[in-house]
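Okay, structure first, notes after.
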Amino acid sequence: MNLDGNRDKYESPEVVLYYETQTELQPCEAYIFKKYVKPGLAILDMGVGAGRTTSFLSNGAQRYVGADYSRAMIDSFGIRYPHLERHQCDATEMSQFLDSEFDVVVFSFNGIDVIDSDNARLRCLSETARILKPGGVFIFSSHNAKILAAWPKLSGARVHQILWRILLSLVKSVRFTFNAFSGVQFSNGEGYIRDPVHGGMDHYVSTPETMSLQLKSVGFEIMEYVGGHFPEVKSAYLTPWYYYACRKTVGV
Ligand SMILES: C[S@@+](CC[C@H](N)C(=O)[O-])C[C@H]1O[C@@H](n2cnc3c(N)ncnc32)[C@H](O)[C@@H]1O
């Protein structure tokens, strides 16, 4: 696996343009944000990209900060939201932020999965715990290691779209099943896989069980997690990722 190349992808104009066109929250995100991000809080939106989550999270916040390690992404964010605080910053090394500076840290859309090693991901979790207040909330998502098949989204689709979406899901399902049985991630509940997204990226996959152990090791407990098909509840074998809401237990 070559996770070093992931950062270059996020600097490329085509990938930045893709994130600039994304404006909607996923239903699972909207549910978790509404439940755990209350008005009047200090929020760090890590891996903010072009700012898809910004209008929701900054509205009513006492302080909102967008951060990303990609210069191109943070510049795009700055053009869209020039009035908001922003930092070019790597989630694995956040020395520009003080201990207990934030009430909420968000790392949306599986951004944590592209971090380039297990050690670096643990550094990111531990840095996140450090900059959160005791009792603070960490929201993020991670790809599911147990996926075997894709479920087509058919609601609102026309007849020709239905056929196309079913075909796409079949193709994806073949890839998921092949990945599951050719690597260790399905049986171990974690590992690294190749994803064709943005011309091919390698990333981490996990389960709530394996993620919970990592979170506990740096002082977080999972309060709730929901599958990517929320509000529908699908089998773990059909769930593309999980959205997690965690609480910093240290110092509480
Ligand atoms: C999948 S994109 C999501 C962008 C945005 N949050 C959204 O939902 O549209 C992941 C983002 O995380 C950023 N990212 C990945 N690893 C990072 C790291 N270690 N530190 C900071 N940003 C990171 C990428 O540059 C990219 O903008």
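Following the order of the structure tokens, first chain is A, next is B, and so on, with residues numbered from 1 inside each chain and ligands from 1 in the order they appear.
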
Polymer residues at most 9 Å from Phe230 of chain A, only C-alpha atoms, same-chain spacing of 2 or more positions, as a VMD selection string: chain A and resid 26 to 29 31 226 to 228 232 to 234

Test item: residues at most 8 Å from segment 67-69 of chain A, only C-alpha atoms, excluding those fewer than 4 positions along its chain, as a ChimeraX atom specification: /A:7,44-49,73-74,86-91

One-decimal distance in Å that lies between atom CA of Lys38 of chain A and atom CA of Asp103 of chain A: 9.8 Å

Who sits within 12 Å of Phe181 of chain A, only C-alpha atoms, same chain under 6 positions skipped, as a ChimeraX atom specification: /A:145-148,174-175,187-188,193

Residues of the last selection are to be written out with N, CA, C and O atoms, as an mmCIF file, in the first residue's frame.
```cif
data_model
loop_
_atom_site.group_PDB
_atom_site.id
_atom_site.type_symbol
_atom_site.label_atom_id
_atom_site.label_comp_id
_atom_site.auth_asym_id
_atom_site.auth_seq_id
_atom_site.Cartn_x
_atom_site.Cartn_y
_atom_site.Cartn_z
ATOM 1 N N ALA A 145 -14.629 -2.226 7.523
ATOM 2 C CA ALA A 145 -13.789 -3.350 7.071
ATOM 3 C C ALA A 145 -14.613 -4.579 6.675
ATOM 4 O O ALA A 145 -14.098 -5.482 6.028
ATOM 5 N N LYS A 146 -15.884 -4.599 7.085
ATOM 6 C CA LYS A 146 -16.691 -5.818 6.880
ATOM 7 C C LYS A 146 -17.629 -5.724 5.673
ATOM 8 O O LYS A 146 -18.498 -6.586 5.498
ATOM 9 N N ILE A 147 -17.473 -4.675 4.865
ATOM 10 C CA ILE A 147 -18.407 -4.553 3.728
ATOM 11 C C ILE A 147 -18.142 -5.648 2.693
ATOM 12 O O ILE A 147 -16.993 -5.970 2.381
ATOM 13 N N LEU A 148 -19.251 -6.223 2.200
ATOM 14 C CA LEU A 148 -19.137 -7.249 1.160
ATOM 15 C C LEU A 148 -19.882 -6.848 -0.109
ATOM 16 O O LEU A 148 -19.609 -7.376 -1.186
ATOM 17 N N VAL A 174 -18.664 -6.770 -6.431
ATOM 18 C CA VAL A 174 -17.620 -7.720 -6.833
ATOM 19 C C VAL A 174 -16.280 -7.254 -6.245
ATOM 20 O O VAL A 174 -15.509 -8.039 -5.695
ATOM 21 N N ARG A 175 -16.033 -5.941 -6.331
ATOM 22 C CA ARG A 175 -14.758 -5.415 -5.802
ATOM 23 C C ARG A 175 -14.680 -5.590 -4.284
ATOM 24 O O ARG A 175 -13.659 -6.039 -3.751
ATOM 25 N N SER A 187 -11.247 -10.310 8.000
ATOM 26 C CA SER A 187 -11.152 -11.184 9.178
ATOM 27 C C SER A 187 -10.612 -10.439 10.398
ATOM 28 O O SER A 187 -11.065 -10.661 11.514
ATOM 29 N N ASN A 188 -9.679 -9.505 10.208
ATOM 30 C CA ASN A 188 -9.104 -8.784 11.356
ATOM 31 C C ASN A 188 -9.978 -7.620 11.833
ATOM 32 O O ASN A 188 -9.764 -7.082 12.900
ATOM 33 N N ILE A 193 -6.835 -0.934 2.288
ATOM 34 C CA ILE A 193 -7.321 -1.417 0.995
ATOM 35 C C ILE A 193 -7.055 -0.369 -0.099
ATOM 36 O O ILE A 193 -6.851 0.806 0.180
#
```

Distance criterion (only C-alpha atoms and all ligand atoms): nearest to ligand 1 out of A:Gly219, A:Gly199, A:Gly5, A:Gly51: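 Answer, going by the shortest atom-to-atom distance: A:Gly51.
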
All residues 7 Å or closer to His143 of chain A, only C-alpha atoms, same chain fewer than 3 positions away omitted, as a list in words: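 Neighbouring residues, sequence-local ones excluded: Asn110, Val205, Ser206, Pro240, Trp241 and Tyr242 of chain A.
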
Segment 182-240 of chain A: residues DSSP assigns to strand (DSSP E), reported as a ChimeraX atom specification: /A:191-195,201-205,220-227

Residues from the last selection, N, CA, C and O atoms, saved as a CSV table (one decimal), in the first residue's frame:
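Below you can see result.csv, which holds the result:
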```csv
chain,number,residue,atom,x,y,z
A,191,GLY,N,-7.5,-2.9,8.5
A,191,GLY,CA,-6.4,-3.1,7.5
A,191,GLY,C,-6.5,-1.9,6.5
A,191,GLY,O,-7.1,-0.9,6.7
A,192,TYR,N,-5.8,-2.2,5.4
A,192,TYR,CA,-5.6,-1.1,4.4
A,192,TYR,C,-6.1,-1.7,3.1
A,192,TYR,O,-5.8,-2.9,2.8
A,193,ILE,N,-6.8,-0.9,2.3
A,193,ILE,CA,-7.3,-1.4,1.0
A,193,ILE,C,-7.1,-0.4,-0.1
A,193,ILE,O,-6.9,0.8,0.2
A,194,ARG,N,-7.1,-0.8,-1.3
A,194,ARG,CA,-7.0,0.0,-2.5
A,194,ARG,C,-8.5,0.4,-2.9
A,194,ARG,O,-9.3,-0.5,-3.1
A,195,ASP,N,-8.7,1.7,-3.1
A,195,ASP,CA,-10.0,2.2,-3.5
A,195,ASP,C,-9.8,3.0,-4.8
A,195,ASP,O,-8.9,3.8,-4.9
A,201,MET,N,-6.8,5.4,-4.5
A,201,MET,CA,-6.1,5.8,-3.2
A,201,MET,C,-6.1,4.6,-2.3
A,201,MET,O,-7.0,3.7,-2.4
A,202,ASP,N,-5.1,4.5,-1.4
A,202,ASP,CA,-5.1,3.5,-0.4
A,202,ASP,C,-5.6,4.1,0.9
A,202,ASP,O,-5.3,5.2,1.2
A,203,HIS,N,-6.4,3.3,1.6
A,203,HIS,CA,-6.9,3.8,2.9
A,203,HIS,C,-7.2,2.7,3.9
A,203,HIS,O,-7.3,1.6,3.5
A,204,TYR,N,-7.3,3.2,5.1
A,204,TYR,CA,-7.6,2.3,6.3
A,204,TYR,C,-9.1,2.0,6.3
A,204,TYR,O,-9.9,2.8,5.9
A,205,VAL,N,-9.4,0.8,6.8
A,205,VAL,CA,-10.8,0.4,7.1
A,205,VAL,C,-10.9,-0.2,8.5
A,205,VAL,O,-9.9,-0.7,9.0
A,220,PHE,N,-10.9,8.3,24.8
A,220,PHE,CA,-12.3,8.6,24.2
A,220,PHE,C,-13.2,7.4,24.5
A,220,PHE,O,-12.7,6.2,24.5
A,221,GLU,N,-14.5,7.7,24.7
A,221,GLU,CA,-15.5,6.6,24.6
A,221,GLU,C,-16.5,6.9,23.5
A,221,GLU,O,-16.8,8.1,23.3
A,222,ILE,N,-16.9,5.8,22.8
A,222,ILE,CA,-17.9,6.1,21.8
A,222,ILE,C,-19.3,6.2,22.4
A,222,ILE,O,-19.7,5.4,23.2
A,223,MET,N,-19.9,7.4,22.1
A,223,MET,CA,-21.3,7.6,22.6
A,223,MET,C,-22.3,6.9,21.7
A,223,MET,O,-23.3,6.4,22.1
A,224,GLU,N,-22.0,7.0,20.4
A,224,GLU,CA,-23.0,6.5,19.4
A,224,GLU,C,-22.3,6.4,18.1
A,224,GLU,O,-21.4,7.1,17.8
A,225,TYR,N,-22.7,5.4,17.3
A,225,TYR,CA,-22.3,5.4,15.9
A,225,TYR,C,-23.4,4.9,15.0
A,225,TYR,O,-24.3,4.2,15.5
A,226,VAL,N,-23.4,5.4,13.8
A,226,VAL,CA,-24.5,5.1,12.9
A,226,VAL,C,-23.9,4.7,11.5
A,226,VAL,O,-22.8,5.2,11.1
A,227,GLY,N,-24.6,3.8,10.8
A,227,GLY,CA,-24.1,3.4,9.5
A,227,GLY,C,-24.3,4.4,8.4
A,227,GLY,O,-25.2,5.3,8.5
```
